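The next block is model_3.txt, given as compact mmCIF, C-alpha atoms.
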```txt
# COMPACT_ATOMS: atom_id res chain seq x y z
CA MET A 249 289.23 76.41 -4.48
CA THR A 250 286.36 78.73 -3.53
CA SER A 251 283.63 77.47 -1.26
CA GLU A 252 279.96 77.38 -2.21
CA ARG A 253 279.27 80.35 0.07
CA GLU A 254 282.01 82.40 -1.60
CA GLN A 255 280.55 81.60 -5.01
CA LEU A 256 277.10 82.69 -3.86
CA GLU A 257 278.49 85.90 -2.35
CA THR A 258 280.26 86.72 -5.61
CA ARG A 259 277.00 86.15 -7.48
CA LEU A 260 275.19 88.35 -4.96
CA LYS A 261 277.57 91.25 -5.64
CA GLU A 262 276.96 90.89 -9.39
CA HIS A 263 273.19 91.04 -8.87
CA GLU A 264 273.61 94.10 -6.61
CA LYS A 265 275.65 95.79 -9.35
CA ALA A 266 272.96 94.97 -11.95
CA LYS A 267 270.26 96.32 -9.64
CA ARG A 268 272.10 99.60 -9.15
CA ALA A 269 272.65 99.95 -12.89
CA ALA A 270 268.94 99.44 -13.64
CA LYS A 271 267.64 101.73 -10.88
CA GLY A 272 265.62 104.58 -12.34
CA THR A 273 266.17 103.46 -15.94
CA ASP A 274 264.71 99.97 -16.38
CA ASP A 275 262.07 98.83 -13.88
CA ALA A 276 261.80 95.33 -15.34
CA GLN A 277 265.56 94.75 -15.04
CA PHE A 278 265.54 96.37 -11.58
CA VAL A 279 262.86 93.91 -10.36
CA ALA A 280 264.61 90.95 -12.06
CA ALA A 281 267.92 91.77 -10.37
CA SER A 282 266.13 92.15 -7.02
CA GLN A 283 264.52 88.73 -7.45
CA GLU A 284 267.96 87.23 -8.12
CA ILE A 285 269.26 88.84 -4.92
CA VAL A 286 266.41 87.32 -2.91
CA SER A 287 267.02 83.90 -4.48
CA THR A 288 270.78 84.03 -3.84
CA ILE A 289 270.43 85.03 -0.19
CA ARG A 290 267.96 82.21 0.35
CA GLN A 291 270.55 79.82 -1.05
CA ILE A 292 273.09 81.14 1.45
CA ARG A 293 270.61 80.59 4.26
CA ALA A 294 270.02 77.03 2.99
CA LEU A 295 273.70 76.06 3.23
CA PRO A 296 274.29 73.20 5.70
CA GLU A 297 277.08 75.16 7.39
CA ASP A 298 278.28 78.75 7.55
CA ASN A 299 274.83 80.09 6.64
CA LYS A 300 274.61 83.12 8.94
CA LEU A 301 273.87 86.32 7.03
CA THR A 302 276.04 89.40 7.38
CA ASP A 303 274.53 92.84 8.11
CA PHE A 304 275.07 93.73 4.44
CA GLN A 305 273.20 90.63 3.29
CA ILE A 306 270.27 91.29 5.63
CA SER A 307 270.10 94.85 4.32
CA SER A 308 270.41 93.66 0.72
CA TYR A 309 267.64 91.07 1.17
CA CYS A 310 265.19 93.55 2.73
CA TRP A 311 265.82 96.25 0.12
CA ALA A 312 265.47 93.70 -2.69
CA LEU A 313 262.04 92.70 -1.37
CA TYR A 314 261.16 96.38 -1.07
CA ALA A 315 262.26 96.95 -4.68
CA ILE A 316 260.06 94.10 -5.93
CA ALA A 317 257.06 95.37 -3.94
CA SER A 318 257.49 98.99 -5.04
CA LYS A 319 258.21 98.41 -8.74
CA SER A 320 256.41 95.22 -9.72
CA HIS A 321 253.19 95.58 -11.73
CA ASP A 322 251.91 92.20 -10.51
CA ALA A 323 249.56 92.91 -7.57
CA GLU A 324 249.91 89.40 -6.12
CA GLN A 325 253.71 89.59 -6.34
CA VAL A 326 253.61 92.95 -4.56
CA ARG A 327 251.55 91.52 -1.69
CA MET A 328 253.73 88.42 -1.35
CA SER A 329 256.91 90.54 -1.33
CA LEU A 330 255.49 92.84 1.33
CA VAL A 331 254.49 89.92 3.55
CA LYS A 332 258.03 88.50 3.23
CA LEU A 333 259.56 91.92 3.87
CA VAL A 334 257.58 92.49 7.06
CA ARG A 335 258.53 88.99 8.21
CA SER A 336 262.22 89.51 7.37
CA PHE A 337 262.33 92.88 9.12
CA ALA A 338 260.76 91.36 12.24
CA LEU A 339 263.29 88.49 12.22
CA ALA A 340 266.21 90.89 11.67
CA MET A 341 265.11 92.82 14.76
CA ASN A 342 265.48 89.68 16.86
CA ALA A 343 269.21 89.57 16.00
CA ARG A 344 270.44 92.06 18.60
CA SER A 345 273.87 92.31 17.04
CA PHE A 346 272.21 93.67 13.92
CA TRP A 347 271.27 96.89 15.74
CA GLY A 348 274.61 97.32 17.47
CA ASP A 349 276.18 99.96 15.23
CA ALA A 350 275.00 103.30 13.86
CA SER A 351 274.82 102.20 10.21
CA SER A 352 272.53 99.27 11.03
CA ALA A 353 270.33 101.47 13.19
CA GLU A 354 270.02 104.01 10.38
CA PHE A 355 269.23 101.22 7.93
CA GLY A 356 266.44 100.08 10.26
CA ARG A 357 264.90 103.55 10.51
CA THR A 358 265.13 104.16 6.75
CA LEU A 359 263.62 100.77 5.91
CA PHE A 360 260.85 101.23 8.49
CA ASN A 361 259.89 104.62 7.03
CA SER A 362 259.89 103.24 3.48
CA LEU A 363 258.02 100.11 4.52
CA VAL A 364 255.23 102.03 6.28
CA GLN A 365 254.78 104.36 3.30
CA LEU A 366 254.58 101.43 0.86
CA LEU A 367 252.28 99.34 3.08
CA TYR A 368 249.94 102.31 3.53
CA LYS A 369 249.84 103.02 -0.20
CA SER A 370 249.35 99.36 -1.09
CA VAL A 371 246.56 98.73 1.42
CA LYS A 372 244.67 101.82 0.25
CA SER A 373 244.68 100.44 -3.29
CA MET A 374 243.19 97.08 -2.24
CA ASN A 375 239.50 96.25 -1.99
CA ASP A 376 238.13 95.52 1.50
CA THR A 377 238.35 91.73 1.26
CA THR A 378 241.93 91.74 -0.03
CA ALA A 379 243.01 94.38 2.50
CA VAL A 380 241.64 92.36 5.44
CA ALA A 381 243.34 89.15 4.22
CA PHE A 382 246.63 91.00 3.70
CA ALA A 383 246.48 92.74 7.10
CA LYS A 384 245.88 89.38 8.77
CA LYS A 385 249.01 87.94 7.15
CA ILE A 386 251.29 90.72 8.40
CA ALA A 387 249.55 91.43 11.73
CA VAL A 388 251.80 89.51 14.14
CA ASP A 389 255.11 90.60 12.59
CA TYR A 390 254.04 94.19 11.99
CA LEU A 391 252.89 94.68 15.59
CA ASN A 392 256.15 93.14 16.83
CA ILE A 393 258.11 95.68 14.76
CA LEU A 394 255.96 98.56 15.97
CA ASP A 395 256.16 97.48 19.59
CA ALA A 396 259.94 97.06 19.54
CA ARG A 397 260.78 100.26 17.70
CA CYS A 398 257.92 102.75 18.35
CA GLU A 399 260.02 104.85 20.72
CA ALA A 400 262.99 104.92 18.33
CA TYR A 401 261.23 105.38 15.00
CA LEU A 402 258.03 107.24 15.92
CA ASP A 403 259.72 110.22 17.55
CA ALA A 404 258.63 113.88 17.26
CA GLY A 405 259.66 114.08 13.60
CA ALA A 406 257.43 111.15 12.67
CA PHE A 407 254.34 113.17 13.64
CA HIS A 408 255.14 116.02 11.25
CA LYS A 409 252.43 116.58 8.62
CA ASP A 410 252.99 118.18 5.22
CA LEU A 411 250.49 120.68 3.85
CA VAL A 412 248.40 119.61 0.85
CA THR A 413 249.26 122.10 -1.91
CA GLU A 414 246.62 123.62 -4.17
CA GLU A 415 248.12 121.78 -7.14
CA GLN A 416 247.89 118.45 -5.30
CA ARG A 417 244.30 119.18 -4.29
CA LYS A 418 243.25 119.97 -7.86
CA GLY A 419 244.91 116.76 -9.07
CA MET A 420 243.01 114.67 -6.50
CA GLU A 421 239.71 116.39 -7.37
CA LEU A 422 240.31 115.73 -11.06
CA ARG A 423 240.91 112.01 -10.39
CA ASN A 424 237.77 111.93 -8.19
CA GLY A 425 235.51 113.22 -10.94
CA GLY A 426 235.44 116.78 -9.63
CA LYS A 427 234.41 115.80 -6.09
CA ARG A 428 235.65 118.39 -3.61
CA ILE A 429 238.67 117.36 -1.49
CA ARG A 430 238.82 118.89 1.98
CA LEU A 431 242.11 117.33 3.06
CA LYS A 432 244.43 120.03 4.46
CA PHE A 433 247.41 117.94 5.53
CA TRP A 434 248.88 114.63 4.42
CA PRO A 435 248.89 111.97 7.16
CA SER A 436 252.15 111.86 9.10
CA LEU A 437 254.38 108.78 9.15
CA ALA A 438 253.13 108.00 12.67
CA GLU A 439 249.47 108.27 11.62
CA LYS A 440 250.12 105.86 8.77
CA ALA A 441 252.03 103.45 11.06
CA TYR A 442 249.26 103.41 13.65
CA GLY A 443 246.58 103.30 10.96
CA LEU A 444 248.16 100.07 9.73
CA MET A 445 248.18 98.79 13.31
CA ASN A 446 244.46 99.54 13.51
CA ARG A 447 243.83 97.51 10.35
CA CYS A 448 245.86 94.60 11.70
CA LEU A 449 243.93 94.59 14.98
CA LYS A 450 240.62 94.55 13.11
CA ALA A 451 241.78 91.84 10.69
CA ASP A 452 243.19 89.41 13.28
CA SER A 453 241.24 88.96 16.50
CA GLN A 454 244.17 87.12 18.10
CA VAL A 455 246.75 89.92 18.01
CA VAL A 456 247.04 92.44 20.84
CA ALA A 457 248.78 95.81 21.08
CA THR A 458 251.22 95.74 23.98
CA ASP A 459 251.02 98.18 26.91
CA ARG A 460 254.21 99.86 25.65
CA LEU A 461 252.62 100.48 22.25
CA VAL A 462 249.35 101.75 23.76
CA THR A 463 251.25 104.03 26.17
CA HIS A 464 253.28 105.56 23.34
CA LEU A 465 250.18 106.08 21.23
CA HIS A 466 248.15 107.50 24.12
CA ARG A 467 250.94 109.96 24.87
CA ASN A 468 250.72 111.31 21.31
CA VAL A 469 246.97 111.19 20.53
CA SER A 470 246.75 114.97 20.23
CA LYS A 471 249.20 114.95 17.28
CA GLY A 472 246.84 113.41 14.71
CA ASP A 473 243.12 113.45 13.90
CA TRP A 474 242.72 109.66 13.94
CA LEU A 475 245.24 108.66 16.61
CA GLY A 476 242.62 108.78 19.36
CA LEU A 477 240.47 106.30 17.45
CA TYR A 478 243.42 103.97 16.89
CA CYS A 479 244.23 104.18 20.60
CA VAL A 480 240.65 103.21 21.47
CA THR A 481 240.90 100.10 19.27
CA ALA A 482 244.20 99.12 20.88
CA MET A 483 242.84 99.65 24.40
CA ILE A 484 239.74 97.54 23.73
CA ARG A 485 241.87 94.72 22.35
CA GLY A 486 244.15 94.96 25.37
CA GLY A 487 241.22 94.56 27.77
CA HIS A 488 241.02 98.23 28.82
CA ALA A 489 237.41 98.87 27.78
CA GLU A 490 236.68 101.50 30.44
CA ARG A 491 239.70 103.62 29.48
CA ALA A 492 238.75 103.23 25.83
CA ARG A 493 235.15 104.24 26.58
CA SER A 494 236.21 107.44 28.32
CA MET A 495 238.42 108.41 25.37
CA MET A 496 235.79 107.41 22.80
CA LYS A 497 233.15 109.55 24.50
CA ASP A 498 235.34 112.61 23.96
CA ILE A 499 235.60 111.70 20.28
CA VAL A 500 231.83 111.18 19.99
CA ARG A 501 231.16 114.56 21.60
CA ALA A 502 233.20 116.15 18.82
CA LYS A 503 231.79 113.88 16.08
CA HIS A 504 228.28 113.21 17.39
CA ASN A 505 226.76 113.37 13.89
CA GLU A 506 229.14 110.75 12.47
CA ALA A 507 227.82 107.18 12.38
CA TRP A 508 231.31 105.61 12.62
CA ALA A 509 231.92 107.34 15.97
CA TRP A 510 228.87 105.68 17.52
CA THR A 511 229.84 102.24 16.19
CA TYR A 512 233.26 102.59 17.81
CA LEU A 513 231.62 103.65 21.08
CA ALA A 514 229.46 100.52 20.84
CA ASP A 515 232.66 98.44 20.77
CA THR A 516 233.50 99.67 24.29
CA TYR A 517 230.19 98.26 25.59
CA ARG A 518 230.56 94.70 24.30
CA ASP A 519 229.45 93.26 27.66
CA LYS A 520 226.35 95.50 27.71
CA PRO A 521 224.09 94.53 24.78
CA GLU A 522 221.53 97.26 25.54
CA MET A 523 224.19 99.97 25.04
CA VAL A 524 225.54 98.20 21.93
CA ALA A 525 222.05 98.22 20.43
CA ALA A 526 221.46 101.86 21.37
CA CYS A 527 224.75 103.04 19.81
CA HIS A 528 224.18 101.17 16.55
CA CYS A 529 220.59 102.44 16.33
CA LYS A 530 221.95 105.95 16.83
CA ALA A 531 224.41 105.35 13.97
CA LEU A 532 221.57 104.17 11.73
CA THR A 533 219.57 107.38 12.33
CA LEU A 534 222.37 109.72 11.25
CA PRO A 535 222.54 111.30 7.77
CA SER A 536 224.95 109.78 5.26
CA HIS A 537 227.61 111.69 3.32
CA ASP A 538 228.54 108.91 0.91
CA PRO A 539 225.66 106.49 0.12
CA GLU A 540 227.93 103.60 -0.93
CA ILE A 541 230.11 103.76 2.19
CA SER A 542 227.09 104.36 4.43
CA LEU A 543 225.29 101.29 3.09
CA GLY A 544 228.34 99.12 3.80
CA MET A 545 228.50 100.50 7.35
CA ALA A 546 224.77 99.95 7.77
CA VAL A 547 225.12 96.27 6.87
CA LYS A 548 227.79 95.84 9.56
CA SER A 549 225.77 97.84 12.10
CA ARG A 550 222.64 95.78 11.48
CA ARG A 551 224.53 92.53 12.01
CA VAL A 552 226.02 93.73 15.30
CA LEU A 553 222.64 95.15 16.29
CA ALA A 554 220.99 91.80 15.54
CA ASP A 555 223.45 90.00 17.81
CA ALA A 556 222.83 92.50 20.64
CA LEU A 557 219.04 92.19 20.27
CA GLN A 558 219.32 88.40 20.27
CA ARG A 559 221.23 88.57 23.57
CA LEU A 560 218.47 90.79 24.96
CA GLY A 561 215.83 88.21 24.00
CA LEU A 562 214.32 90.37 21.22
CA VAL A 563 214.33 87.55 18.69
CA GLN A 564 211.90 88.99 16.11
CA GLU A 565 213.67 92.35 16.05
CA ALA A 566 217.02 90.57 15.64
CA GLN A 567 215.69 88.54 12.71
CA ARG A 568 214.41 91.73 11.06
CA GLU A 569 217.86 93.36 11.25
CA LEU A 570 219.57 90.28 9.82
CA ALA A 571 217.11 90.18 6.93
CA LEU A 572 217.68 93.88 6.20
CA ALA A 573 221.44 93.35 6.33
CA GLU A 574 221.28 90.39 3.94
CA ARG A 575 219.19 92.41 1.45
CA LYS A 576 221.47 95.44 1.86
CA ALA A 577 218.29 97.42 2.27
CA PRO A 578 218.49 101.24 2.36
CA VAL A 579 218.30 102.74 5.84
CA ASP A 580 215.24 104.69 6.96
CA SER A 581 216.78 107.10 9.47
CA HIS A 582 213.27 107.90 10.78
CA ASP A 583 212.46 104.26 11.55
CA GLY A 584 210.58 104.29 14.87
CA PHE A 585 212.51 101.35 16.29
CA TYR A 586 215.87 102.99 15.58
CA VAL A 587 214.78 106.38 16.89
CA THR A 588 213.44 104.91 20.15
CA TRP A 589 216.60 102.93 20.84
CA ALA A 590 218.82 105.82 19.74
CA GLY A 591 217.20 107.88 22.50
CA LYS A 592 218.87 105.62 25.05
CA THR A 593 222.23 107.14 24.07
CA ASN A 594 221.29 110.59 25.40
CA GLN A 595 222.75 109.83 28.80
CA LEU A 596 225.96 108.20 27.56
CA LEU A 597 227.77 111.46 26.92
CA LEU A 598 226.67 113.23 30.09
CA PRO A 599 229.51 114.55 32.26
CA SER A 600 229.83 113.03 35.73
CA THR A 601 228.74 116.38 37.24
CA ALA A 602 225.36 116.40 35.43
CA LYS A 603 222.26 116.53 37.63
CA ARG A 604 218.70 115.50 36.88
CA PHE A 605 215.94 118.14 37.11
CA THR A 606 212.21 118.43 36.51
CA GLY A 607 209.61 121.19 36.56
CA ARG A 608 207.32 123.41 34.49
CA LEU A 609 208.75 125.64 31.77
CA ILE A 610 208.75 129.36 32.45
CA LYS A 611 208.95 131.17 29.11
CA ARG A 612 208.06 134.66 27.91
CA GLU A 613 206.50 134.93 24.44
CA ASP A 614 209.19 137.37 23.24
CA LYS A 615 212.06 135.06 24.29
CA SER A 616 213.40 131.90 22.64
CA PHE A 617 214.73 130.45 25.91
CA GLY A 618 213.18 129.64 29.26
CA PHE A 619 213.73 128.48 32.86
CA VAL A 620 212.63 125.74 35.20
CA LYS A 621 212.51 126.05 38.98
CA ASP A 622 213.59 122.63 40.27
CA ARG A 623 212.77 121.93 43.92
CA THR A 624 216.32 120.78 44.67
CA LEU A 625 218.55 122.55 42.16
CA GLY A 626 216.73 125.87 41.88
CA ASP A 627 216.78 127.79 38.57
CA VAL A 628 217.79 125.80 35.47
CA PHE A 629 218.30 127.66 32.17
CA ILE A 630 216.60 125.98 29.17
CA PRO A 631 218.35 126.80 25.84
CA PRO A 632 216.31 127.56 22.67
CA LYS A 633 216.97 124.12 21.09
CA PHE A 634 214.99 122.48 23.93
CA VAL A 635 212.28 125.19 24.09
CA LYS A 636 211.26 125.44 20.43
CA CYS A 637 208.62 122.66 20.61
CA LEU A 638 207.29 123.66 24.03
CA LYS A 639 205.09 126.41 25.46
CA ASN A 640 204.93 128.19 28.80
CA GLY A 641 203.78 125.86 31.58
CA ASP A 642 204.73 122.57 29.88
CA GLN A 643 206.29 119.90 32.08
CA ILE A 644 209.94 119.31 31.22
CA ALA A 645 212.65 117.00 32.62
CA GLY A 646 216.27 116.51 31.71
CA TRP A 647 219.89 116.81 32.73
CA ALA A 648 221.65 120.03 33.70
CA ASP A 649 225.25 121.00 34.35
CA LEU A 650 227.10 124.13 35.36
CA GLN A 651 228.10 126.26 32.37
CA GLU A 652 229.64 129.71 32.01
CA ASP A 653 227.11 132.55 32.16
CA LYS A 654 228.72 135.51 30.32
CA ASN A 655 226.14 138.04 31.54
CA LYS A 656 226.38 137.11 35.21
CA LYS A 657 230.11 136.30 34.93
CA ARG A 658 229.62 133.06 36.84
CA LYS A 659 228.51 129.49 36.18
CA SER A 660 224.81 128.66 36.09
CA LEU A 661 222.88 125.43 35.72
CA CYS A 662 221.98 124.84 32.08
CA MET A 663 219.99 122.03 30.48
CA ILE A 664 222.31 119.82 28.38
CA SER A 665 220.12 116.82 27.57
CA ALA A 666 216.52 115.60 27.69
CA LEU A 667 215.69 112.40 29.55
```

Show me the file's structure as structure tokens.
Amino acid sequence: MTSEREQLETRLKEHEKAKRAAKGTDDAQFVAASQEIVSTIRQIRALPEDNKLTDFQISSYCWALYAIASKSHDAEQVRMSLVKLVRSFALAMNARSFWGDASSAEFGRTLFNSLVQLLYKSVKSMNDTTAVAFAKKIAVDYLNILDARCEAYLDAGAFHKDLVTEEQRKGMELRNGGKRIRLKFWPSLAEKAYGLMNRCLKADSQVVATDRLVTHLHRNVSKGDWLGLYCVTAMIRGGHAERARSMMKDIVRAKHNEAWAWTYLADTYRDKPEMVAACHCKALTLPSHDPEISLGMAVKSRRVLADALQRLGLVQEAQRELALAERKAPVDSHDGFYVTWAGKTNQLLLPSTAKRFTGRLIKREDKSFGFVKDRTLGDVFIPPKFVKCLKNGDQIAGWADLQEDKNKKRKSLCMISAL
């Protein structure tokens, strides 16, 4: 007489056969067979005795959940299946015997790759509220997977990026109502994996990226446009604000006209409300490329700004920002308050070698540049962008640093920022 487990295992094989038969031909039957597989394996796990799953059953369960998530047309069912899949994958990793042979290790890598691609695609299709709620549900398990297997799965090949073809670009522009698409490369698997990590960290304030994960990411930041930003988020959450600040300053220097860059820099100054306020005011003075996205960012910036101003004792100013945020009021980038506070960011990006100077401008009428003779530093070159609103003899003060002088073939002091 066959045992209950044997009966369930026989049923499982029948469902697997039905799933294979429906693959690529009948999505509804494919999903139905996958659901039966999930149900049967849960019954095996619920047996009072002899309920340990074999490697095949673990693999079957995970791929069945993946099948449901990738083929179902029910958005809620997709999200629930993905949450269960991430959880199951994380639990499977805790069974060390599961990773003992080559076939299991290859299964893990293949499932991880497929899972990241599907999670990335699914999250991008969600609205902000749904995406945050979903990321919070998977955060702990997803970061555990990433921490345990980043070295194994996110190797050199995972950072490879495919070129966006002209045909793909035209298709995206057509779907976007003719809006020009500037994307040159598709994100690599690693960029997607760490992008998901970034979402999880932002969605759940309790999760932390481990030192191993941060070290691996930091080692590879040059291999993707957004990896540096993800590394900054992970460092801040791990309590390494100063390291994050140094890295974020490099990003801001390259993206100094992007509001998001300044808001991320503000995150590295959480214990310094004056700098938080200055960075968010700077963000609010910058031009917007997409009005809808910019307004959403402005609401968030104004709320953070209000909190910083409250901590500084500027109660009325804080109340003004909260009121503007609640009304989702358009941003006046020339607002005097924002411009004044934004000016406090001028010194944030100065190199450690920068020196302060002061003196009267020496400028010939036929030249667009000038010089200042500082009592301590000597001659300081003043580039045209700082001279255009000044005339010969005007008092000027700022910061200077050594820069390459092509004519003299040596480094000379050059003004890099006003006070």

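Taking atom CA of A:Glu262 and atom CA of A:Ala281 as endpoints, the distance between them is 9.1 Å.
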
Which polymer residues have any atom within 12 Å of an atom of A:Asn505, counting all atoms listed in the file, with same-chain residues fewer than 4 positions away left out, as a PyMOL selection string? chain A and resi 499-501+509-511+530-537

Neighbours of A:Tyr309 within 12 Å (all atoms listed in the file; same-chain residues fewer than 4 positions away dropped), as a VMD selection string? chain A and resid 260 263 to 264 281 to 293 301 to 305 313 to 316 329 332 to 337 340 359

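Atom CA of A:Val456 is positioned 18.9 Å from atom CA of A:Asp519.
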
If I take atom CA of A:Asp275 and atom CA of A:Cys310, how far is one from the other in Å, to one decimal?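 Computed distance, atom CA of A:Asp275 to atom CA of A:Cys310, equals 17.7 Å.
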
I'd like the contact shell of A:Arg417 - 9 Å cut-off, all atoms listed in the file, skipping same-chain residues fewer than 3 positions apart - returned as an MDAnalysis selection string. chainID A and resid 412:414 420:422 428:432

Please determine, counting only C-alpha atoms, which residue among A:Lys319, A:Ala482, A:Phe619, A:His408 has the shortest atom-to-atom distance to A:Gly272. A:Lys319

Min atom-atom distance to A:Pro599 from the set A:Arg460, A:His466, A:His504, A:Lys497, counting all atoms listed in the file, belongs to A:Lys497

Return the single residue from A:Glu574, A:Glu324, A:Asp410, A:Asp389 that is closest to A:Met374, with distances computed using all atoms listed in the file.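 Looking only at the distances to A:Met374, the closest residue turns out to be A:Glu324.
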
Quick one: of A:Thr593, A:Met496, A:Leu570, A:Glu415, who's nearest to A:Val524, counting all atoms listed in the file?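 Checking each of A:Thr593, A:Met496, A:Leu570, A:Glu415 against A:Val524, counting all atoms listed in the file, the winner is A:Thr593.
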
Protein/DNA/RNA residues near (214.9, 97.0, 10.7), cut 12 Å, only C-alpha atoms, as a PyMOL selection string: chain A and resi 528-529+532-533+546-547+549-551+553-554+557+564-587+589

Go through A:Ser436, A:Asn299, A:Ser542, A:Thr481 one by one, measure the shortest atom-to-atom distance of each to A:Thr516 using all atoms listed in the file, and give the residue with the smallest value.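 Closest candidate: A:Thr481.
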
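The closest residue to A:Ala514, picked from A:Leu543, A:Phe355, A:Val480, A:Met328 and counting all atoms listed in the file, is A:Val480.
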